[in-house]
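Just protein-v2.csv here, CSV, C-alpha atoms:
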chain,number,residue,atom,x,y,z
A,1,MET,CA,-29.5,126.3,84.1
A,2,VAL,CA,-32.7,127.3,85.8
A,3,GLY,CA,-35.3,125.3,83.9
A,4,ASP,CA,-34.3,125.4,80.3
A,5,GLY,CA,-34.5,129.1,79.7
A,6,PHE,CA,-32.2,130.8,82.1
A,7,ARG,CA,-28.4,130.2,82.3
A,8,VAL,CA,-27.3,132.0,85.4
A,9,TYR,CA,-24.4,132.9,87.6
A,10,ASN,CA,-25.4,132.9,91.3
A,11,TYR,CA,-23.9,136.0,93.1
A,12,ILE,CA,-26.1,136.0,96.2
A,13,PRO,CA,-25.4,133.9,98.2
A,14,GLY,CA,-23.0,132.0,95.9
A,15,GLY,CA,-20.5,134.8,95.2
A,16,GLY,CA,-20.5,133.9,91.5
A,17,GLY,CA,-19.4,130.3,92.1
A,18,LEU,CA,-15.9,131.0,93.2
A,19,PRO,CA,-14.7,128.6,95.9
A,20,GLY,CA,-15.2,130.0,99.4
A,21,SER,CA,-17.0,133.1,98.2
A,22,GLU,CA,-20.5,132.4,99.5
A,23,ILE,CA,-21.9,135.5,101.2
A,24,PRO,CA,-23.3,135.2,104.8
A,25,ARG,CA,-27.0,136.0,104.9
A,26,GLU,CA,-26.6,138.7,107.5
A,27,ARG,CA,-24.0,140.4,105.3
A,28,ILE,CA,-26.4,141.0,102.4
A,29,SER,CA,-29.8,141.0,104.1
A,30,PRO,CA,-32.6,141.8,103.0
A,31,PHE,CA,-31.4,140.2,99.7
A,32,LEU,CA,-31.7,136.5,99.5
A,33,MET,CA,-30.6,135.6,96.0
A,34,LEU,CA,-29.2,137.3,92.9
A,35,ASP,CA,-29.0,135.2,89.7
A,36,PHE,CA,-27.4,136.9,86.7
A,37,ASN,CA,-28.2,135.6,83.2
A,38,ALA,CA,-25.3,137.1,81.4
A,39,GLU,CA,-26.0,137.7,77.7
A,40,ILE,CA,-26.4,134.5,75.7
A,41,ASP,CA,-28.0,134.1,72.3
A,42,PHE,CA,-30.9,131.6,72.4
A,43,GLY,CA,-31.5,130.3,68.9
A,44,PRO,CA,-35.0,130.0,67.5
A,45,SER,CA,-37.2,127.4,69.2
A,46,ALA,CA,-40.6,125.9,68.5
A,47,ARG,CA,-40.9,125.0,72.2
A,48,VAL,CA,-41.0,127.9,74.6
A,49,ARG,CA,-38.2,127.8,77.1
A,50,GLY,CA,-38.5,128.7,80.7
A,51,VAL,CA,-39.4,127.5,84.2
A,52,GLY,CA,-42.7,125.7,84.8
A,53,VAL,CA,-45.2,126.1,87.6
A,54,HIS,CA,-43.6,126.3,91.1
A,55,PRO,CA,-44.5,127.9,94.5
A,56,HIS,CA,-43.0,130.7,96.5
A,57,LYS,CA,-43.8,132.0,100.0
A,58,GLY,CA,-42.4,134.6,102.4
A,59,PHE,CA,-40.4,136.9,100.1
A,60,GLU,CA,-40.5,138.9,96.8
A,61,THR,CA,-39.0,138.1,93.4
A,62,ILE,CA,-37.8,140.9,91.0
A,63,THR,CA,-36.8,140.3,87.4
A,64,VAL,CA,-34.9,143.0,85.5
A,65,ALA,CA,-34.9,142.7,81.7
A,66,TYR,CA,-31.9,143.9,79.8
A,67,LYS,CA,-32.2,141.9,76.6
A,68,GLY,CA,-35.0,139.5,75.5
A,69,SER,CA,-38.5,139.1,76.8
A,70,VAL,CA,-40.0,137.1,79.6
A,71,ALA,CA,-43.7,136.2,80.2
A,72,HIS,CA,-45.1,135.7,83.7
A,73,ALA,CA,-48.3,134.2,85.0
A,74,ASP,CA,-49.3,133.3,88.6
A,75,SER,CA,-52.1,131.8,90.6
A,76,ALA,CA,-53.4,135.2,91.8
A,77,GLY,CA,-54.5,135.9,88.2
A,78,ASN,CA,-51.6,138.2,87.2
A,79,SER,CA,-49.8,137.9,83.9
A,80,GLY,CA,-47.6,140.1,81.8
A,81,THR,CA,-44.5,140.3,79.6
A,82,ILE,CA,-41.4,142.3,80.4
A,83,ASN,CA,-39.1,143.7,77.6
A,84,PRO,CA,-35.7,145.4,77.8
A,85,GLY,CA,-35.9,148.2,80.4
A,86,ASP,CA,-38.9,146.6,82.2
A,87,VAL,CA,-39.1,145.0,85.7
A,88,GLN,CA,-41.5,142.6,87.2
A,89,TRP,CA,-41.8,142.7,91.0
A,90,MET,CA,-43.8,139.9,92.5
A,91,THR,CA,-44.7,139.6,96.1
A,92,ALA,CA,-45.2,136.0,97.0
A,93,GLY,CA,-46.2,136.8,100.6
A,94,ALA,CA,-48.6,134.2,102.0
A,95,GLY,CA,-48.0,131.9,99.0
A,96,ILE,CA,-48.4,131.8,95.2
A,97,LEU,CA,-47.7,129.6,92.2
A,98,HIS,CA,-46.1,131.2,89.2
A,99,LYS,CA,-44.2,130.4,86.0
A,100,GLU,CA,-41.8,132.3,83.8
A,101,PHE,CA,-41.0,131.6,80.2
A,102,HIS,CA,-39.4,133.3,77.2
A,103,GLU,CA,-42.1,135.3,75.5
A,104,GLU,CA,-43.6,133.3,72.7
A,105,GLU,CA,-42.5,135.5,69.7
A,106,PHE,CA,-39.1,136.0,71.2
A,107,SER,CA,-38.7,132.3,71.6
A,108,LYS,CA,-39.7,131.6,68.0
A,109,LYS,CA,-37.2,134.1,66.6
A,110,GLY,CA,-34.4,133.7,69.2
A,111,GLY,CA,-31.8,136.3,70.0
A,112,PRO,CA,-29.7,137.8,72.8
A,113,PHE,CA,-31.1,137.3,76.3
A,114,GLU,CA,-29.8,139.0,79.4
A,115,MET,CA,-31.7,139.2,82.8
A,116,VAL,CA,-31.2,139.5,86.5
A,117,GLN,CA,-33.5,137.9,89.1
A,118,LEU,CA,-33.3,139.1,92.7
A,119,TRP,CA,-35.1,137.8,95.8
A,120,VAL,CA,-35.8,140.2,98.6
A,121,ASN,CA,-36.9,139.0,102.0
A,122,LEU,CA,-40.0,140.1,103.8
A,123,PRO,CA,-40.0,140.8,107.5
A,124,LYS,CA,-42.0,138.5,109.8
A,125,ARG,CA,-44.9,141.0,110.1
A,126,HIS,CA,-45.4,140.9,106.3
A,127,LYS,CA,-44.6,137.2,105.6
A,128,LEU,CA,-48.3,136.5,105.1
A,129,THR,CA,-49.2,139.6,103.1
A,130,PRO,CA,-51.5,138.8,100.2
A,131,PRO,CA,-49.6,138.1,96.9
A,132,ASN,CA,-49.1,141.0,94.6
A,133,TYR,CA,-47.6,141.8,91.2
A,134,GLN,CA,-46.1,145.1,90.1
A,135,SER,CA,-45.5,145.6,86.4
A,136,LEU,CA,-42.8,148.3,86.2
A,137,THR,CA,-42.4,149.1,82.5
A,138,ALA,CA,-39.6,151.3,81.3
A,139,ASP,CA,-41.8,154.4,80.9
A,140,LYS,CA,-42.7,154.2,84.7
A,141,MET,CA,-39.1,154.3,86.0
A,142,GLY,CA,-37.7,157.3,87.7
A,143,ARG,CA,-35.3,159.0,85.3
A,144,HIS,CA,-32.2,160.8,86.7
A,145,ILE,CA,-30.3,162.3,83.7
A,146,LEU,CA,-26.6,162.8,84.3
A,147,PRO,CA,-25.1,166.1,83.1
A,148,ASP,CA,-23.1,166.5,79.9
A,149,GLY,CA,-24.4,163.4,78.2
A,150,GLN,CA,-22.8,161.0,80.8
A,151,GLY,CA,-25.9,158.7,80.8
A,152,GLN,CA,-28.8,158.2,83.1
A,153,VAL,CA,-30.1,156.3,86.1
A,154,ASN,CA,-33.3,154.4,85.9
A,155,VAL,CA,-34.6,154.3,89.4
A,156,ILE,CA,-36.6,151.1,90.0
A,157,ALA,CA,-37.0,151.4,93.8
A,158,GLY,CA,-36.0,153.9,96.4
A,159,THR,CA,-34.5,157.3,95.7
A,160,PHE,CA,-31.4,158.3,93.8
A,161,ASN,CA,-30.2,161.8,94.3
A,162,GLY,CA,-33.7,163.0,94.7
A,163,THR,CA,-35.4,160.9,92.0
A,164,GLN,CA,-38.0,158.4,93.2
A,165,GLY,CA,-38.6,155.0,91.8
A,166,PRO,CA,-42.1,153.4,91.3
A,167,ALA,CA,-41.7,150.1,93.1
A,168,GLN,CA,-43.5,149.8,96.5
A,169,THR,CA,-41.4,148.0,99.0
A,170,PHE,CA,-42.1,146.6,102.6
A,171,THR,CA,-38.7,147.7,104.0
A,172,PRO,CA,-36.2,150.4,102.7
A,173,VAL,CA,-34.7,149.1,99.4
A,174,ASN,CA,-32.9,150.9,96.6
A,175,LEU,CA,-32.6,149.4,93.2
A,176,PHE,CA,-30.9,151.5,90.5
A,177,ASP,CA,-30.2,150.6,86.8
A,178,LEU,CA,-27.2,152.7,85.9
A,179,ARG,CA,-26.6,153.3,82.1
A,180,LEU,CA,-23.3,155.1,82.0
A,181,ASN,CA,-21.6,156.5,78.8
A,182,LYS,CA,-17.9,156.9,78.0
A,183,GLY,CA,-16.2,159.0,80.6
A,184,ALA,CA,-19.1,159.1,83.1
A,185,LYS,CA,-18.6,160.2,86.7
A,186,LEU,CA,-21.4,159.4,89.1
A,187,THR,CA,-21.6,160.0,92.9
A,188,THR,CA,-24.3,159.1,95.3
A,189,SER,CA,-24.8,158.4,99.0
A,190,ILE,CA,-26.3,155.2,100.6
A,191,PRO,CA,-27.2,155.0,104.3
A,192,GLN,CA,-24.3,153.4,106.2
A,193,ASN,CA,-26.7,150.8,107.8
A,194,HIS,CA,-27.8,149.5,104.4
A,195,ASN,CA,-26.1,146.4,102.9
A,196,THR,CA,-25.0,147.6,99.5
A,197,ALA,CA,-23.7,145.9,96.4
A,198,LEU,CA,-23.5,146.3,92.6
A,199,LEU,CA,-23.2,144.1,89.5
A,200,LEU,CA,-21.3,145.1,86.4
A,201,VAL,CA,-23.8,143.9,83.9
A,202,ASN,CA,-21.7,145.2,81.0
A,203,GLY,CA,-18.5,147.2,80.8
A,204,THR,CA,-15.8,148.1,83.3
A,205,ALA,CA,-15.9,150.8,86.0
A,206,ALA,CA,-13.8,152.2,88.8
A,207,ILE,CA,-15.7,151.9,92.0
A,208,ASN,CA,-14.4,154.1,94.8
A,209,GLY,CA,-11.1,154.0,93.0
A,210,GLN,CA,-10.9,150.2,92.5
A,211,THR,CA,-11.4,148.7,89.0
A,212,ALA,CA,-14.3,146.3,88.7
A,213,PRO,CA,-14.3,144.3,85.4
A,214,GLU,CA,-17.3,143.2,83.5
A,215,HIS,CA,-19.6,140.7,85.2
A,216,SER,CA,-18.0,141.3,88.6
A,217,PHE,CA,-20.0,141.7,91.8
A,218,VAL,CA,-19.0,144.4,94.3
A,219,LEU,CA,-20.0,144.1,98.0
A,220,PHE,CA,-19.5,147.3,99.9
A,221,ALA,CA,-18.3,147.5,103.6
A,222,ASN,CA,-20.7,149.3,105.9
A,223,GLU,CA,-18.2,152.1,106.3
A,224,GLY,CA,-19.1,155.6,105.1
A,225,GLU,CA,-22.0,156.5,102.8
A,226,ASP,CA,-20.4,157.8,99.5
A,227,ILE,CA,-20.1,155.9,96.3
A,228,ASP,CA,-18.1,157.1,93.4
A,229,ILE,CA,-18.3,155.4,90.0
A,230,ARG,CA,-16.3,156.3,86.9
A,231,THR,CA,-16.2,154.7,83.5
A,232,THR,CA,-13.7,154.9,80.6
A,233,ASP,CA,-15.8,153.3,77.9
A,234,GLY,CA,-19.2,153.1,79.5
A,235,ALA,CA,-21.0,150.5,81.6
A,236,THR,CA,-24.4,149.1,82.6
A,237,ILE,CA,-24.5,148.6,86.4
A,238,LEU,CA,-27.2,147.3,88.8
A,239,LEU,CA,-26.8,149.0,92.2
A,240,LEU,CA,-28.8,147.6,95.1
A,241,SER,CA,-29.0,148.4,98.8
A,242,GLY,CA,-31.4,147.6,101.6
A,243,GLU,CA,-31.9,148.0,105.3
A,244,PRO,CA,-31.1,144.6,107.0
A,245,ILE,CA,-33.9,142.5,108.4
A,246,ASP,CA,-32.6,141.3,111.7
A,247,GLU,CA,-34.8,138.2,112.1
A,248,PRO,CA,-34.2,134.4,111.9
A,249,ILE,CA,-34.3,132.9,108.4
A,250,VAL,CA,-35.3,129.3,107.7
A,251,ALA,CA,-35.2,128.6,104.0
A,252,TYR,CA,-36.2,125.5,102.1
A,253,GLY,CA,-36.2,125.8,98.3
A,254,PRO,CA,-38.9,128.3,97.3
A,255,PHE,CA,-40.0,129.1,100.9
A,256,VAL,CA,-38.3,131.6,103.2
A,257,MET,CA,-39.8,131.8,106.7
A,258,ASN,CA,-38.7,132.4,110.3
A,259,THR,CA,-39.1,128.9,111.8
A,260,ALA,CA,-38.9,125.3,110.7
A,261,GLN,CA,-42.5,124.7,111.5
A,262,GLU,CA,-43.5,127.5,109.1
A,263,ILE,CA,-41.6,125.7,106.4
A,264,ILE,CA,-43.5,122.4,107.2
A,265,ASP,CA,-46.8,124.4,107.2
A,266,SER,CA,-45.9,125.9,103.8
A,267,ILE,CA,-45.3,122.5,102.2
A,268,ARG,CA,-48.6,121.2,103.5
A,269,GLU,CA,-50.4,124.3,102.2
A,270,VAL,CA,-49.0,123.7,98.7
A,271,GLN,CA,-50.0,120.0,98.9
A,272,ALA,CA,-53.5,121.0,100.0
A,273,GLY,CA,-53.9,123.4,97.0
A,274,LYS,CA,-54.0,126.6,99.2
A,275,PHE,CA,-51.6,128.5,96.9
A,276,GLY,CA,-54.3,128.4,94.1
A,277,GLU,CA,-54.2,126.8,90.7
A,278,LEU,CA,-52.0,127.4,87.6
A,279,GLU,CA,-51.6,125.3,84.6
Starting from the coordinates I provided, produce the structure as C-alpha coordinates.
Amino acid sequence: MVGDGFRVYNYIPGGGGLPGSEIPRERISPFLMLDFNAEIDFGPSARVRGVGVHPHKGFETITVAYKGSVAHADSAGNSGTINPGDVQWMTAGAGILHKEFHEEEFSKKGGPFEMVQLWVNLPKRHKLTPPNYQSLTADKMGRHILPDGQGQVNVIAGTFNGTQGPAQTFTPVNLFDLRLNKGAKLTTSIPQNHNTALLLVNGTAAINGQTAPEHSFVLFANEGEDIDIRTTDGATILLLSGEPIDEPIVAYGPFVMNTAQEIIDSIREVQAGKFGELE
(Lines of atoms letter the chains of each structure in order from A and count residues from 1; the text may use other names and numbers.)
(Lines give C-alpha, C1' and ligand atoms only; values in the text may rest on other atoms or scores of the structure.)
Protein backbone atom coordinates (compact mmCIF):
# COMPACT_ATOMS: atom_id res chain seq x y z
CA MET A 1 0.00 0.00 0.00
CA VAL A 2 1.10 3.55 -0.79
CA GLY A 3 -0.74 5.65 1.76
CA ASP A 4 -4.15 4.07 2.19
CA GLY A 5 -5.43 4.67 -1.34
CA PHE A 6 -3.06 2.90 -3.71
CA ARG A 7 -2.38 -0.84 -3.69
CA VAL A 8 0.49 -1.30 -6.10
CA TYR A 9 2.87 -3.75 -7.71
CA ASN A 10 6.30 -2.19 -8.24
CA TYR A 11 7.67 -3.07 -11.70
CA ILE A 12 10.42 -0.44 -11.92
CA PRO A 13 12.84 -1.07 -10.34
CA GLY A 14 11.30 -4.00 -8.45
CA GLY A 15 10.34 -6.22 -11.39
CA GLY A 16 6.90 -6.87 -9.89
CA GLY A 17 8.26 -8.28 -6.64
CA LEU A 18 9.72 -11.51 -8.00
CA PRO A 19 12.95 -12.54 -6.23
CA GLY A 20 16.04 -11.38 -8.08
CA SER A 21 14.03 -9.44 -10.67
CA GLU A 22 15.02 -5.87 -9.78
CA ILE A 23 15.93 -3.91 -12.91
CA PRO A 24 19.28 -2.04 -12.94
CA ARG A 25 18.81 1.72 -13.29
CA GLU A 26 20.92 2.00 -16.40
CA ARG A 27 18.82 -0.70 -18.06
CA ILE A 28 15.57 1.29 -17.79
CA SER A 29 16.76 4.93 -17.66
CA PRO A 30 15.19 7.54 -17.85
CA PHE A 31 12.43 5.74 -15.95
CA LEU A 32 12.94 5.57 -12.20
CA MET A 33 9.77 3.89 -10.96
CA LEU A 34 6.59 2.27 -12.21
CA ASP A 35 3.87 1.36 -9.73
CA PHE A 36 0.81 -0.46 -11.07
CA ASN A 37 -2.42 -0.30 -9.09
CA ALA A 38 -4.13 -3.28 -10.72
CA GLU A 39 -7.91 -3.08 -10.58
CA ILE A 40 -9.30 -3.25 -7.07
CA ASP A 41 -12.77 -2.29 -5.85
CA PHE A 42 -12.55 0.29 -3.10
CA GLY A 43 -15.78 0.31 -1.15
CA PRO A 44 -17.57 3.50 -0.12
CA SER A 45 -15.68 5.56 2.44
CA ALA A 46 -16.56 8.63 4.49
CA ARG A 47 -12.82 9.33 4.79
CA VAL A 48 -11.00 10.18 1.57
CA ARG A 49 -8.19 7.70 0.89
CA GLY A 50 -4.82 8.64 -0.56
CA VAL A 51 -1.34 9.97 0.15
CA GLY A 52 -0.84 13.09 2.27
CA VAL A 53 1.53 16.00 1.72
CA HIS A 54 5.07 14.97 0.74
CA PRO A 55 7.99 16.49 -1.20
CA HIS A 56 9.61 15.66 -4.53
CA LYS A 57 12.68 17.04 -6.31
CA GLY A 58 14.73 16.28 -9.41
CA PHE A 59 12.28 14.28 -11.56
CA GLU A 60 8.71 14.08 -12.91
CA THR A 61 5.69 12.04 -11.80
CA ILE A 62 3.08 10.81 -14.27
CA THR A 63 -0.23 9.28 -13.20
CA VAL A 64 -2.31 7.43 -15.83
CA ALA A 65 -5.96 6.82 -14.88
CA TYR A 66 -7.74 3.72 -16.19
CA LYS A 67 -10.55 3.41 -13.63
CA GLY A 68 -11.53 5.67 -10.74
CA SER A 69 -10.62 9.30 -10.10
CA VAL A 70 -7.64 10.97 -8.39
CA ALA A 71 -7.42 14.54 -7.10
CA HIS A 72 -4.05 16.35 -7.03
CA ALA A 73 -2.88 19.53 -5.28
CA ASP A 74 0.61 21.00 -4.93
CA SER A 75 2.51 23.87 -3.37
CA ALA A 76 2.89 25.63 -6.73
CA GLY A 77 -0.85 26.29 -6.67
CA ASN A 78 -1.87 23.57 -9.11
CA SER A 79 -4.84 21.31 -8.53
CA GLY A 80 -6.99 19.03 -10.61
CA THR A 81 -8.79 15.72 -10.94
CA ILE A 82 -8.04 12.97 -13.42
CA ASN A 83 -10.68 10.52 -14.58
CA PRO A 84 -10.43 7.41 -16.79
CA GLY A 85 -8.39 8.24 -19.89
CA ASP A 86 -6.72 11.28 -18.28
CA VAL A 87 -3.09 11.77 -17.27
CA GLN A 88 -1.45 14.17 -14.83
CA TRP A 89 2.19 15.03 -15.53
CA MET A 90 3.92 16.85 -12.69
CA THR A 91 7.44 18.24 -12.96
CA ALA A 92 8.89 18.39 -9.45
CA GLY A 93 12.08 20.02 -10.73
CA ALA A 94 13.62 22.32 -8.11
CA GLY A 95 11.23 21.07 -5.45
CA ILE A 96 7.52 20.83 -4.69
CA LEU A 97 5.07 19.53 -2.11
CA HIS A 98 2.03 17.63 -3.34
CA LYS A 99 -0.71 15.25 -2.29
CA GLU A 100 -2.90 12.74 -4.14
CA PHE A 101 -6.24 11.40 -2.96
CA HIS A 102 -9.22 9.60 -4.37
CA GLU A 103 -11.59 12.24 -5.71
CA GLU A 104 -14.18 13.01 -3.03
CA GLU A 105 -17.31 11.82 -4.84
CA PHE A 106 -15.57 8.66 -6.05
CA SER A 107 -14.44 7.98 -2.50
CA LYS A 108 -17.98 8.32 -1.16
CA LYS A 109 -19.41 5.92 -3.75
CA GLY A 110 -16.47 3.54 -4.09
CA GLY A 111 -15.89 1.40 -7.15
CA PRO A 112 -13.18 -0.09 -9.37
CA PHE A 113 -9.83 1.70 -9.21
CA GLU A 114 -6.94 1.13 -11.64
CA MET A 115 -3.93 3.45 -12.07
CA VAL A 116 -0.28 3.57 -13.12
CA GLN A 117 2.26 5.97 -11.63
CA LEU A 118 5.54 6.48 -13.43
CA TRP A 119 8.60 8.50 -12.38
CA VAL A 120 10.82 9.95 -15.11
CA ASN A 121 14.28 11.31 -14.34
CA LEU A 122 15.42 14.81 -15.27
CA PRO A 123 18.92 15.41 -16.64
CA LYS A 124 21.32 17.47 -14.51
CA ARG A 125 20.77 20.61 -16.58
CA HIS A 126 17.04 20.50 -15.79
CA LYS A 127 17.06 19.24 -12.18
CA LEU A 128 16.32 22.74 -10.88
CA THR A 129 13.70 23.68 -13.46
CA PRO A 130 10.66 25.42 -11.92
CA PRO A 131 7.88 23.00 -10.89
CA ASN A 132 5.12 22.54 -13.45
CA TYR A 133 1.85 20.65 -13.89
CA GLN A 134 0.37 19.36 -17.15
CA SER A 135 -3.28 18.28 -17.02
CA LEU A 136 -3.61 15.93 -19.99
CA THR A 137 -7.29 15.10 -20.30
CA ALA A 138 -8.53 12.35 -22.60
CA ASP A 139 -9.73 14.84 -25.22
CA LYS A 140 -6.19 16.25 -25.58
CA MET A 141 -4.50 12.95 -26.39
CA GLY A 142 -3.13 12.17 -29.80
CA ARG A 143 -5.48 9.61 -31.37
CA HIS A 144 -4.14 6.98 -33.74
CA ILE A 145 -7.03 4.85 -35.00
CA LEU A 146 -6.08 1.36 -36.13
CA PRO A 147 -7.70 0.04 -39.32
CA ASP A 148 -10.64 -2.34 -39.47
CA GLY A 149 -11.87 -1.66 -35.93
CA GLN A 150 -8.76 -3.09 -34.29
CA GLY A 151 -8.67 -0.35 -31.65
CA GLN A 152 -6.74 2.84 -31.08
CA VAL A 153 -3.57 4.26 -29.56
CA ASN A 154 -3.86 7.21 -27.21
CA VAL A 155 -0.55 9.03 -27.59
CA ILE A 156 0.38 10.70 -24.29
CA ALA A 157 3.98 11.66 -25.10
CA GLY A 158 6.20 11.32 -28.14
CA THR A 159 5.07 10.17 -31.57
CA PHE A 160 3.35 6.94 -32.56
CA ASN A 161 3.39 6.17 -36.30
CA GLY A 162 3.13 9.89 -37.06
CA THR A 163 0.63 10.86 -34.34
CA GLN A 164 1.99 13.31 -31.75
CA GLY A 165 1.11 13.34 -28.04
CA PRO A 166 0.47 16.52 -25.99
CA ALA A 167 2.97 16.04 -23.14
CA GLN A 168 6.03 18.29 -23.08
CA THR A 169 9.14 16.38 -22.04
CA PHE A 170 12.74 17.37 -21.21
CA THR A 171 14.33 14.37 -22.95
CA PRO A 172 12.92 12.08 -25.67
CA VAL A 173 10.15 9.99 -24.08
CA ASN A 174 7.31 7.97 -25.64
CA LEU A 175 4.24 6.99 -23.63
CA PHE A 176 1.45 5.18 -25.49
CA ASP A 177 -1.88 3.89 -24.13
CA LEU A 178 -2.83 1.01 -26.43
CA ARG A 179 -6.51 -0.02 -26.48
CA LEU A 180 -6.59 -3.11 -28.67
CA ASN A 181 -9.67 -5.06 -29.70
CA LYS A 182 -10.07 -8.75 -30.49
CA GLY A 183 -7.70 -9.90 -33.22
CA ALA A 184 -5.70 -6.66 -33.32
CA LYS A 185 -2.33 -6.49 -35.05
CA LEU A 186 -0.12 -3.49 -34.31
CA THR A 187 3.40 -2.67 -35.47
CA THR A 188 5.59 0.29 -34.62
CA SER A 189 9.27 1.22 -34.43
CA ILE A 190 11.17 2.59 -31.43
CA PRO A 191 14.74 3.95 -31.68
CA GLN A 192 17.22 1.22 -30.80
CA ASN A 193 19.00 3.45 -28.28
CA HIS A 194 15.78 3.90 -26.27
CA ASN A 195 15.08 1.74 -23.24
CA THR A 196 11.65 0.28 -23.95
CA ALA A 197 9.10 -1.68 -21.93
CA LEU A 198 5.39 -2.37 -21.77
CA LEU A 199 2.82 -3.32 -19.15
CA LEU A 200 -0.13 -5.61 -19.86
CA VAL A 201 -2.74 -3.62 -17.91
CA ASN A 202 -5.52 -5.94 -19.03
CA GLY A 203 -5.69 -8.93 -21.35
CA THR A 204 -3.04 -11.08 -23.00
CA ALA A 205 -0.95 -10.34 -26.10
CA ALA A 206 1.79 -11.83 -28.24
CA ILE A 207 4.76 -9.45 -28.16
CA ASN A 208 7.23 -10.09 -30.99
CA GLY A 209 5.93 -13.65 -31.06
CA GLN A 210 6.12 -14.35 -27.31
CA THR A 211 2.96 -14.55 -25.20
CA ALA A 212 2.70 -12.02 -22.37
CA PRO A 213 -0.10 -12.71 -19.86
CA GLU A 214 -2.21 -10.13 -18.07
CA HIS A 215 -0.31 -7.86 -15.62
CA SER A 216 3.07 -8.94 -16.98
CA PHE A 217 5.89 -6.47 -17.59
CA VAL A 218 7.96 -6.81 -20.77
CA LEU A 219 11.43 -5.28 -20.96
CA PHE A 220 12.87 -5.17 -24.48
CA ALA A 221 16.49 -5.74 -25.42
CA ASN A 222 18.19 -2.87 -27.24
CA GLU A 223 18.34 -4.93 -30.42
CA GLY A 224 16.43 -3.80 -33.49
CA GLU A 225 13.62 -1.27 -33.58
CA ASP A 226 10.42 -3.07 -34.61
CA ILE A 227 7.67 -4.06 -32.18
CA ASP A 228 4.84 -6.39 -33.21
CA ILE A 229 1.81 -6.80 -30.91
CA ARG A 230 -1.09 -9.18 -31.58
CA THR A 231 -4.15 -9.95 -29.48
CA THR A 232 -6.67 -12.75 -29.50
CA ASP A 233 -9.33 -11.32 -27.20
CA GLY A 234 -8.11 -7.72 -26.88
CA ALA A 235 -5.81 -5.95 -24.42
CA THR A 236 -4.98 -2.66 -22.75
CA ILE A 237 -1.24 -2.00 -22.83
CA LEU A 238 0.99 0.85 -21.65
CA LEU A 239 4.07 1.13 -23.87
CA LEU A 240 6.93 3.35 -22.71
CA SER A 241 10.33 4.20 -24.11
CA GLY A 242 12.96 6.84 -23.49
CA GLU A 243 16.45 7.96 -24.34
CA PRO A 244 18.75 7.00 -21.45
CA ILE A 245 20.22 9.74 -19.25
CA ASP A 246 23.85 8.75 -18.78
CA GLU A 247 24.51 10.61 -15.52
CA PRO A 248 25.09 9.60 -11.90
CA ILE A 249 21.96 9.04 -9.80
CA VAL A 250 21.78 9.52 -6.06
CA ALA A 251 18.26 8.84 -4.78
CA TYR A 252 16.84 9.17 -1.30
CA GLY A 253 13.09 8.68 -0.92
CA PRO A 254 11.36 11.46 -2.85
CA PHE A 255 14.59 13.11 -4.05
CA VAL A 256 16.56 12.07 -7.15
CA MET A 257 19.73 14.07 -7.74
CA ASN A 258 23.28 13.57 -9.03
CA THR A 259 25.33 13.81 -5.80
CA ALA A 260 24.93 12.99 -2.11
CA GLN A 261 25.45 16.66 -1.23
CA GLU A 262 22.47 17.59 -3.40
CA ILE A 263 20.35 15.14 -1.41
CA ILE A 264 21.48 16.73 1.86
CA ASP A 265 20.70 20.18 0.41
CA SER A 266 17.22 18.98 -0.65
CA ILE A 267 16.39 17.75 2.86
CA ARG A 268 17.52 21.06 4.33
CA GLU A 269 15.42 22.97 1.80
CA VAL A 270 12.30 21.07 2.82
CA GLN A 271 13.04 21.66 6.49
CA ALA A 272 13.49 25.39 5.78
CA GLY A 273 10.13 25.58 3.97
CA LYS A 274 11.66 26.32 0.56
CA PHE A 275 9.32 23.91 -1.23
CA GLY A 276 6.35 26.10 -0.32
CA GLU A 277 3.30 25.31 1.77
CA LEU A 278 0.47 22.84 1.35
CA GLU A 279 -2.10 21.69 3.86
Contacts of segment 161-171 of chain A at 7 Å (only C-alpha atoms; same-chain gap of 6+ positions) as a PyMOL selection string: chain A and resi 122+140-144+155+188+243
Among listed residues A:Leu136, A:Met33, A:Met257, A:Ala206, nearest Asp233 of chain A (using only C-alpha atoms):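 Result for the nearest residue to Asp233 of chain A: A:Ala206.
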Ref. answer, residues at most 12 Å from (-44.8, 123.9, 106.1) with all atoms listed in the file, as number ranges by chain: A: 56-58, 94-95, 250-272, 274
Residues of segment 187-259 of chain A at most 12 Å from segment 180-183 of chain A: nearest atom pair and distance in Å, all atoms listed in the file, as CSV:
residue,atom,partner,partner_atom,distance
A:Leu200,CA,A:Leu180,CA,11.1
A:Val201,CA,A:Leu180,CA,11.4
A:Asn202,CA,A:Leu180,CA,10.1
A:Gly203,CA,A:Leu180,CA,9.3
A:Thr204,CA,A:Leu180,CA,10.3
A:Ala205,CA,A:Leu180,CA,9.4
A:Ala206,CA,A:Gly183,CA,10.9
A:Ile229,CA,A:Leu180,CA,9.4
A:Arg230,CA,A:Gly183,CA,6.9
A:Thr231,CA,A:Gly183,CA,5.2
A:Thr232,CA,A:Gly183,CA,4.8
A:Asp233,CA,A:Lys182,CA,4.2
A:Gly234,CA,A:Asn181,CA,4.2
A:Ala235,CA,A:Leu180,CA,5.2
A:Thr236,CA,A:Leu180,CA,6.1
A:Ile237,CA,A:Leu180,CA,7.9
A:Leu238,CA,A:Leu180,CA,11.1
For Gly158 of chain A, the nearest of the candidates A:Leu239, A:Pro55, A:Lys109, A:Asp86, counting only C-alpha atoms: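 The answer is A:Leu239, which sits nearest to Gly158 of chain A.
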Coordinates-based distance that separates atom CA of Leu175 of chain A from atom CA of Val153 of chain A (Å, one decimal):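 Atom-to-atom, atom CA of Val153 of chain A and atom CA of Leu175 of chain A are spaced 10.2 Å apart.
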Residue contacts of Glu225 of chain A (8 Å, all atoms listed in the file) excluding same-chain residues fewer than 5 positions away, as number ranges by chain: A: 189-192
Atom pair atom CA of Gln210 of chain A / atom CA of Ile62 of chain A: separation (Å): 28.5 Å
